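protein25.cif follows; it contains mmCIF, C-alpha atoms.
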```cif
data_start
#
loop_
_atom_site.label_atom_id
_atom_site.label_comp_id
_atom_site.auth_asym_id
_atom_site.auth_seq_id
_atom_site.Cartn_x
_atom_site.Cartn_y
_atom_site.Cartn_z
CA MET A 1 -11.33 -3.02 -20.35
CA SER A 2 -9.07 -5.55 -22.03
CA TYR A 3 -9.79 -9.28 -22.13
CA GLU A 4 -7.44 -12.19 -22.60
CA PRO A 5 -8.95 -15.53 -23.71
CA ARG A 6 -8.92 -17.99 -20.83
CA SER A 7 -7.35 -20.65 -23.01
CA GLN A 8 -4.20 -18.50 -23.07
CA ARG A 9 -3.96 -18.07 -19.32
CA ASP A 10 -2.29 -20.18 -16.67
CA LYS A 11 -2.72 -20.43 -12.91
CA ASN A 12 0.01 -19.49 -10.44
CA PHE A 13 0.57 -18.37 -6.90
CA ILE A 14 3.38 -17.65 -4.42
CA VAL A 15 3.13 -18.13 -0.70
CA VAL A 16 5.59 -16.48 1.66
CA MET A 17 5.50 -18.25 5.01
CA ARG A 18 7.29 -18.74 8.26
CA LYS A 19 8.11 -22.35 8.76
CA PRO A 20 6.23 -23.21 11.96
CA PHE A 21 8.17 -22.13 13.92
CA GLY A 22 9.35 -20.14 11.04
CA GLN A 23 7.64 -18.32 8.12
CA VAL A 24 6.22 -18.98 4.60
CA SER A 25 5.88 -17.01 1.39
CA MET A 26 3.77 -18.32 -1.46
CA SER A 27 3.10 -17.58 -5.10
CA CYS A 28 0.50 -19.20 -7.37
CA ARG A 29 -0.80 -18.95 -10.92
CA ASP A 30 -3.67 -20.84 -12.58
CA GLU A 31 -5.38 -20.98 -15.92
CA GLU A 32 -8.77 -20.06 -14.47
CA PRO A 33 -9.85 -17.86 -11.55
CA PRO A 34 -7.56 -18.64 -8.62
CA TYR A 35 -9.62 -21.34 -6.91
CA ILE A 36 -6.46 -23.11 -5.76
CA THR A 37 -5.36 -19.95 -4.05
CA ILE A 38 -8.72 -19.69 -2.29
CA SER A 39 -8.78 -23.39 -1.39
CA ALA A 40 -5.17 -23.86 -0.21
CA LEU A 41 -4.79 -20.44 1.35
CA GLY A 42 -8.26 -20.68 2.86
CA LEU A 43 -7.27 -23.90 4.60
CA LEU A 44 -4.00 -22.38 5.81
CA MET A 45 -5.66 -19.24 7.11
CA SER A 46 -8.61 -21.05 8.69
CA VAL A 47 -6.33 -22.13 11.53
CA PRO A 48 -6.34 -19.69 14.48
CA GLY A 49 -3.02 -17.88 14.70
CA ALA A 50 -2.24 -18.31 10.98
CA SER A 51 -0.73 -14.81 10.96
CA ASN A 52 2.14 -16.28 12.98
CA THR A 53 2.96 -18.51 10.01
CA VAL A 54 1.77 -17.03 6.70
CA LEU A 55 3.67 -13.88 5.80
CA GLU A 56 2.35 -13.14 2.33
CA ALA A 57 0.46 -14.64 -0.62
CA VAL A 58 0.75 -13.30 -4.18
CA VAL A 59 -1.48 -14.28 -7.11
CA PRO A 60 0.00 -13.07 -10.43
CA TYR A 61 -3.25 -13.72 -12.28
CA SER A 62 -2.62 -11.87 -15.55
CA ARG A 63 0.37 -12.39 -17.80
CA MET A 64 1.59 -8.85 -17.13
CA SER A 65 1.41 -9.52 -13.41
CA MET A 66 3.60 -12.60 -13.87
CA ILE A 67 6.05 -10.70 -16.06
CA GLN A 68 6.39 -7.99 -13.43
CA LEU A 69 6.80 -10.57 -10.66
CA LEU A 70 9.60 -12.43 -12.48
CA ALA A 71 11.01 -9.26 -14.09
CA LYS A 72 11.04 -11.09 -17.42
CA ILE A 73 8.80 -12.91 -19.90
CA PRO A 74 8.87 -16.61 -18.95
CA ALA A 75 9.43 -19.18 -21.68
CA LYS A 76 6.28 -20.91 -20.38
CA TYR A 77 3.86 -19.57 -17.81
CA CYS A 78 2.89 -23.06 -16.66
CA SER A 79 6.16 -24.96 -16.17
CA GLN A 80 8.43 -26.37 -13.51
CA GLN A 81 11.01 -23.67 -14.19
CA THR A 82 8.44 -20.95 -13.55
CA ALA A 83 7.33 -22.63 -10.30
CA ASP A 84 11.00 -22.87 -9.19
CA GLU A 85 11.59 -19.19 -9.92
CA MET A 86 8.42 -18.24 -8.04
CA ALA A 87 9.48 -20.30 -5.02
CA LEU A 88 12.89 -18.60 -4.95
CA LEU A 89 11.25 -15.18 -5.15
CA ALA A 90 8.90 -16.17 -2.34
CA TYR A 91 11.83 -17.39 -0.23
CA ASN A 92 13.66 -14.09 -0.65
CA ARG A 93 10.48 -12.18 0.24
CA ALA A 94 10.13 -14.31 3.37
CA LEU A 95 13.71 -13.48 4.37
CA LYS A 96 12.94 -9.78 4.11
CA LEU A 97 9.56 -9.96 5.88
CA SER A 98 10.58 -12.16 8.82
CA SER A 99 12.64 -11.49 11.91
CA PRO A 100 16.39 -12.08 11.43
CA GLY A 101 17.27 -15.73 11.81
CA SER A 102 13.71 -17.06 11.57
CA PRO A 103 13.45 -20.23 9.45
CA VAL A 104 11.45 -19.39 6.33
CA LEU A 105 9.85 -21.18 3.40
CA GLY A 106 9.02 -20.00 -0.12
CA VAL A 107 6.44 -21.85 -2.23
CA GLY A 108 5.71 -21.54 -5.95
CA PHE A 109 2.78 -23.15 -7.78
CA THR A 110 1.66 -23.03 -11.39
CA GLY A 111 -0.99 -25.22 -12.98
CA SER A 112 -3.33 -25.84 -15.88
CA LEU A 113 -6.53 -27.58 -14.76
CA ALA A 114 -9.98 -28.41 -16.12
CA THR A 115 -11.87 -25.48 -17.60
CA THR A 116 -15.17 -24.75 -19.37
CA HIS A 117 -14.03 -26.40 -22.61
CA PRO A 118 -11.89 -29.44 -23.50
CA LYS A 119 -8.15 -28.81 -23.34
CA GLN A 120 -5.65 -30.04 -25.86
CA GLY A 121 -2.84 -30.28 -23.33
CA ASP A 122 -2.48 -32.19 -20.07
CA HIS A 123 -4.21 -31.25 -16.86
CA ARG A 124 -1.16 -30.67 -14.70
CA PHE A 125 0.44 -28.59 -12.00
CA HIS A 126 4.01 -27.77 -10.98
CA LEU A 127 5.07 -27.15 -7.40
CA SER A 128 8.30 -25.94 -5.83
CA THR A 129 9.37 -25.28 -2.22
CA ARG A 130 12.53 -23.54 -1.05
CA THR A 131 14.13 -23.24 2.39
CA SER A 132 17.64 -22.18 3.37
CA ASP A 133 19.04 -25.68 2.89
CA ARG A 134 16.56 -27.49 0.62
CA HIS A 135 14.84 -27.17 -2.74
CA TRP A 136 12.08 -29.62 -3.65
CA ALA A 137 10.08 -29.70 -6.90
CA SER A 138 7.45 -31.92 -8.47
CA THR A 139 5.18 -32.06 -11.52
CA VAL A 140 1.82 -33.87 -11.33
CA THR A 141 -0.22 -34.81 -14.40
CA LEU A 142 -3.87 -35.62 -13.70
CA LEU A 143 -5.91 -38.07 -15.75
CA LYS A 144 -8.17 -36.10 -18.08
CA GLY A 145 -11.90 -36.52 -17.58
CA LEU A 146 -11.56 -38.30 -14.24
CA ARG A 147 -12.48 -35.30 -12.11
CA SER A 148 -14.46 -32.08 -12.23
CA ARG A 149 -12.74 -28.73 -11.90
CA ASP A 150 -13.56 -28.56 -8.19
CA GLN A 151 -12.16 -32.05 -7.67
CA GLU A 152 -8.91 -31.17 -9.47
CA GLU A 153 -8.68 -28.05 -7.31
CA LYS A 154 -9.06 -30.17 -4.19
CA VAL A 155 -6.39 -32.67 -5.29
CA SER A 156 -3.87 -29.96 -6.20
CA SER A 157 -4.59 -27.96 -3.05
CA TYR A 158 -4.09 -30.99 -0.78
CA PHE A 159 -0.90 -31.93 -2.62
CA LEU A 160 0.33 -28.36 -2.12
CA LEU A 161 -0.48 -28.34 1.60
CA LYS A 162 1.23 -31.71 2.04
CA ALA A 163 4.35 -30.33 0.34
CA ILE A 164 4.31 -27.31 2.68
CA ALA A 165 3.99 -29.62 5.69
CA ASN A 166 6.91 -31.75 4.47
CA ALA A 167 9.06 -28.66 3.92
CA CYS A 168 8.24 -27.51 7.45
CA LYS A 169 8.96 -30.99 8.82
CA VAL A 170 5.53 -31.37 10.39
CA SER A 171 3.13 -34.28 9.98
CA SER A 172 0.13 -34.04 7.66
CA THR A 173 -2.99 -36.14 8.13
CA PHE A 174 -4.81 -35.59 4.84
CA ASP A 175 -4.57 -37.56 1.59
CA SER A 176 -3.98 -35.76 -1.72
CA GLU A 177 -6.40 -38.26 -3.33
CA LEU A 178 -4.16 -39.00 -6.29
CA THR A 179 -4.90 -42.27 -8.10
CA GLU A 180 -2.72 -44.75 -9.96
CA SER A 181 -3.83 -43.07 -13.20
CA ASP A 182 -2.25 -39.77 -12.13
CA VAL A 183 1.45 -39.30 -12.80
CA VAL A 184 3.85 -37.72 -10.28
CA ALA A 185 6.94 -37.05 -12.37
CA ASP A 186 10.16 -35.05 -12.34
CA GLU A 187 10.26 -35.01 -8.55
CA CYS A 188 13.63 -33.76 -7.38
CA GLU A 189 15.24 -32.70 -4.13
CA ARG A 190 18.45 -30.76 -3.59
CA PHE A 191 20.16 -29.86 -0.35
CA PHE A 192 22.46 -26.89 0.27
CA ASP A 193 25.30 -26.61 2.75
CA GLU A 194 26.70 -23.31 4.00
CA ASP A 195 29.14 -22.98 1.10
CA LYS A 196 26.37 -23.51 -1.45
CA GLU A 197 24.20 -20.90 0.27
CA LEU A 198 27.04 -18.39 0.17
CA GLU A 199 27.66 -19.20 -3.49
CA GLN A 200 23.99 -18.44 -4.20
CA LEU A 201 24.35 -15.21 -2.24
CA ILE A 202 27.35 -14.10 -4.29
CA ASN A 203 25.52 -15.03 -7.52
CA GLY A 204 22.50 -12.97 -6.51
CA GLN A 205 20.07 -15.87 -6.14
CA ILE A 206 19.36 -15.17 -2.48
CA CYS A 207 19.35 -11.72 -0.91
CA PHE A 208 21.12 -12.44 2.38
CA LYS A 209 22.08 -15.05 4.94
CA VAL A 210 21.74 -14.47 8.68
CA TYR A 211 24.33 -15.60 11.23
CA PRO A 212 22.96 -15.11 14.76
CA PHE A 213 25.36 -14.47 17.61
CA SER A 214 24.80 -13.61 21.27
CA SER A 215 27.96 -14.52 23.13
CA GLY A 216 30.29 -12.40 25.20
CA MET A 217 29.78 -9.00 26.77
CA TYR A 218 28.45 -7.24 23.68
CA GLY A 219 26.39 -10.21 22.57
CA ASN A 220 24.59 -10.26 25.91
CA CYS A 221 24.04 -6.54 25.71
CA PHE A 222 22.40 -6.85 22.30
CA ALA A 223 20.45 -9.94 23.34
CA GLU A 224 18.91 -8.00 26.22
CA THR A 225 17.79 -5.24 23.85
CA ASP A 226 14.01 -4.95 23.60
CA LYS A 227 13.14 -6.71 20.34
CA SER A 228 9.38 -6.47 20.69
CA ASN A 229 9.43 -4.74 17.31
CA GLY A 230 11.20 -7.51 15.39
CA ASP A 231 10.23 -5.89 12.10
CA ARG A 232 12.58 -2.98 12.77
CA LYS A 233 16.27 -3.59 12.25
CA ILE A 234 19.20 -1.44 13.36
CA ILE A 235 21.93 -2.18 10.82
CA LEU A 236 25.63 -1.32 10.93
CA PRO A 237 27.35 -2.14 7.61
CA GLY A 238 31.06 -2.65 7.23
CA SER A 239 33.81 -4.82 5.79
CA PHE A 240 34.90 -5.93 9.30
CA ASN A 241 38.42 -6.59 8.11
CA PRO A 242 39.04 -6.96 10.95
CA LEU A 243 36.14 -6.58 13.37
CA HIS A 244 37.21 -4.18 16.13
CA ASP A 245 35.91 -2.52 19.26
CA GLY A 246 34.83 0.58 17.30
CA HIS A 247 32.29 -1.49 15.31
CA LEU A 248 30.81 -2.89 18.51
CA LYS A 249 30.57 0.50 20.21
CA LEU A 250 28.96 2.05 17.11
CA LEU A 251 26.19 -0.55 17.06
CA GLU A 252 25.79 -0.31 20.82
CA ALA A 253 25.38 3.47 20.52
CA ALA A 254 22.96 3.15 17.60
CA THR A 255 20.89 0.64 19.57
CA SER A 256 20.73 2.92 22.61
CA ILE A 257 19.65 5.88 20.42
CA CYS A 258 17.12 4.01 18.26
CA GLY A 259 15.73 1.92 21.07
CA ASP A 260 13.29 -0.76 20.03
CA GLY A 261 14.74 -2.82 17.19
CA TYR A 262 16.92 -5.76 16.21
CA PRO A 263 20.66 -4.89 16.11
CA CYS A 264 22.45 -6.33 13.07
CA PHE A 265 25.89 -6.15 11.50
CA GLU A 266 25.84 -6.21 7.68
CA LEU A 267 28.73 -7.72 5.77
CA SER A 268 28.45 -7.07 2.03
CA ALA A 269 29.67 -9.91 -0.16
CA ILE A 270 29.58 -7.59 -3.18
CA ASN A 271 31.00 -4.10 -2.78
CA ALA A 272 30.94 -1.47 -5.54
CA ASP A 273 34.36 -0.15 -4.50
CA LYS A 274 36.08 -3.46 -3.69
CA PRO A 275 36.45 -6.93 -5.19
CA PRO A 276 33.73 -9.42 -4.21
CA LEU A 277 34.48 -11.50 -1.15
CA SER A 278 35.24 -15.18 -1.62
CA ILE A 279 33.39 -17.84 0.36
CA PRO A 280 36.41 -18.48 2.65
CA GLN A 281 36.73 -14.72 3.29
CA ILE A 282 33.05 -14.42 4.24
CA LYS A 283 33.26 -17.37 6.62
CA GLU A 284 36.48 -16.06 8.18
CA ARG A 285 34.98 -12.62 8.84
CA VAL A 286 31.74 -14.06 10.20
CA MET A 287 33.72 -16.26 12.63
CA GLN A 288 35.04 -13.09 14.31
CA PHE A 289 31.61 -12.37 15.74
CA GLY A 290 31.55 -15.65 17.60
CA LYS A 291 34.60 -14.59 19.56
CA ILE A 292 33.34 -11.31 21.00
#
```

Represent the structure of the file as structure tokens.
Amino acid sequence: MSYEPRSQRDKNFIVVMRKPFGQVSMSCRDEEPPYITISALGLLMSVPGASNTVLEAVVPYSRMSMIQLLAKIPAKYCSQQTADEMALLAYNRALKLSSPGSPVLGVGFTGSLATTHPKQGDHRFHLSTRTSDRHWASTVTLLKGLRSRDQEEKVSSYFLLKAIANACKVSSTFDSELTESDVVADECERFFDEDKELEQLINGQICFKVYPFSSGMYGNCFAETDKSNGDRKIILPGSFNPLHDGHLKLLEAATSICGDGYPCFELSAINADKPPLSIPQIKERVMQFGKI
């Protein structure tokens, strides 16, 4: 058994969730055993029907676990950049785990809180949330010696849950219990329009973007398909340049053969045999589906 000194470890976790009414993915890391994970996730999962909201929670407790999660060695395990990267990973996981078109949220958390011995550095935590059109991040530095470990866990957990509620645009009734001596710094918020999302798709930051459609004869046919198994997707890839009746009949046939599932057309922005599509080209080809 190998052992890594606790003073060299950080605390992190990722939560993959549906936004209510959508879905959430979460990731967390901490310098001590993952009490924040237990506290925040415990509160989330204590609500009846939580499985309709929380998709996945990942706790990369060891350094190797974090390296494998990020697919690289982070410059700092406890940092805002690491929390941002974890939130983006969680968001992409949520996209893959949820039904097509469901609003999803990815959350990343990394912190360094009170431990069994005095720390040289600050007691702090970094938090990041990501949805399709918004990224929010914040760093909180807690006053040393003001609270016990359990109290710091409670403060950071409540702050995390409040951030999740804000990202999901629902009201929260609890107080994070921060004082004037605590510092909330580096808080930032960015919004993304459709073009920015597609740019992130082309750059490989997000794995896909869903455009729902259900108009016209074929749209109604697909909409009436039994989607009780929303986890199963029936996918027809193509360049759709242009979209034609053969594409529609192929997906219709595949849906009738496969039965239960969610019919989807897949337009690849990056193709191994063709030049990447530009943002105007993607939008032009997607618009075709609204006309069928």

Fill in: Result set of the PyMOL selection byres ((chain A and resi 129-138) around 10) on the coordinates above, as number ranges by chain
A: 14-15, 19, 23-26, 80-81, 83-92, 94-95, 103-109, 125-128, 139-140, 160, 163-164, 166-168, 184-194, 196-197, 206, 209

Around all the atoms of region 239-254 of chain A listed in the file, draw an axis-aligned box and extend it by 5 Å on each of the six sides; I want its centre and edge lengths in Å to one decimal, as JSON.
```
{"center_x": 31.0, "center_y": -1.7, "center_z": 13.3, "size_x": 26.1, "size_y": 20.4, "size_z": 25.0}
```

Practice prompt. Run the PyMOL selection byres ((chain A and resi 236-240) around 7) on the file and write out the hits as a PyMOL selection string.
Written response: chain A and resi 234-235+241-243+251+264-268+285

I'd like the contact shell of Gln151 (chain A) - 12 Å cut-off, all atoms listed in the file, skipping same-chain residues fewer than 3 positions apart - returned as a short mmCIF file (atom, residue, chain, number, x, y, z; two decimals) with C-alpha atoms, in the frame of the given file.
```cif
data_model
loop_
_atom_site.label_atom_id
_atom_site.label_comp_id
_atom_site.auth_asym_id
_atom_site.auth_seq_id
_atom_site.Cartn_x
_atom_site.Cartn_y
_atom_site.Cartn_z
CA TYR A 35 -9.62 -21.34 -6.91
CA ILE A 36 -6.46 -23.11 -5.76
CA SER A 39 -8.78 -23.39 -1.39
CA LEU A 113 -6.53 -27.58 -14.76
CA ALA A 114 -9.98 -28.41 -16.12
CA THR A 115 -11.87 -25.48 -17.60
CA LEU A 142 -3.87 -35.62 -13.70
CA LEU A 143 -5.91 -38.07 -15.75
CA LYS A 144 -8.17 -36.10 -18.08
CA GLY A 145 -11.90 -36.52 -17.58
CA LEU A 146 -11.56 -38.30 -14.24
CA ARG A 147 -12.48 -35.30 -12.11
CA SER A 148 -14.46 -32.08 -12.23
CA LYS A 154 -9.06 -30.17 -4.19
CA VAL A 155 -6.39 -32.67 -5.29
CA SER A 156 -3.87 -29.96 -6.20
CA SER A 157 -4.59 -27.96 -3.05
CA TYR A 158 -4.09 -30.99 -0.78
CA SER A 176 -3.98 -35.76 -1.72
CA GLU A 177 -6.40 -38.26 -3.33
CA LEU A 178 -4.16 -39.00 -6.29
#
```

Item to complete: Could you please determine the separation between CA of Leu201 (chain A) and CA of Lys76 (chain A) in Å, to one decimal place?
Response: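 Computing the Euclidean distance for CA of Leu201 (chain A) and CA of Lys76 (chain A) yields 26.2 Å.
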
Worksheet item: What gap, in Å, lies between CA of Leu97 (chain A) and CA of Pro60 (chain A)?
Response: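 It comes out at 19.2 Å.
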
Worksheet entry | Residue among A:Ser79, A:Met66, A:Pro275, A:Gln288 lying closest to Leu248 (chain A), counting all atoms listed in the file |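 With all atoms listed in the file as the atom set, the closest residue is A:Gln288.
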
Practice prompt. Report the distance between CA of Met287 (chain A) and CA of Phe213 (chain A) in Å, rounded to one decimal place.
Written response: 9.9 Å

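Compared by their closest atoms to Thr255 (chain A), and using all atoms listed in the file, the residues A:Gln205, A:Lys274, A:Tyr77, A:Arg232 rank with A:Arg232 nearest.
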
Practice prompt. Find the residue from A:Lys233, A:Thr110, A:Pro212, A:Leu69 that sits nearest to Ala254 (chain A); use all atoms listed in the file when measuring.
Written response: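 Counting all atoms listed in the file, the residue closest to Ala254 (chain A) is A:Lys233.
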
Response to the item:
Between A:Gly101, A:Arg149, A:Leu70, A:Gln281, smallest distance to Thr116 (chain A) by all atoms listed in the file belongs to A:Arg149

Worksheet item: Out of A:Gly111, A:Gly261, A:Pro276, A:Gly290, which residue has the shortest atom-to-atom distance to His123 (chain A) when counting all atoms listed in the file?
Response: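 Ranking A:Gly111, A:Gly261, A:Pro276, A:Gly290 by distance to His123 (chain A), first place goes to A:Gly111.
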
Worksheet item: Restricting the calculation to only C-alpha atoms, which member of A:Leu161, A:Leu250, A:Ser181, A:Ala272 is positioned closest to Leu43 (chain A)?
Response: A:Leu161
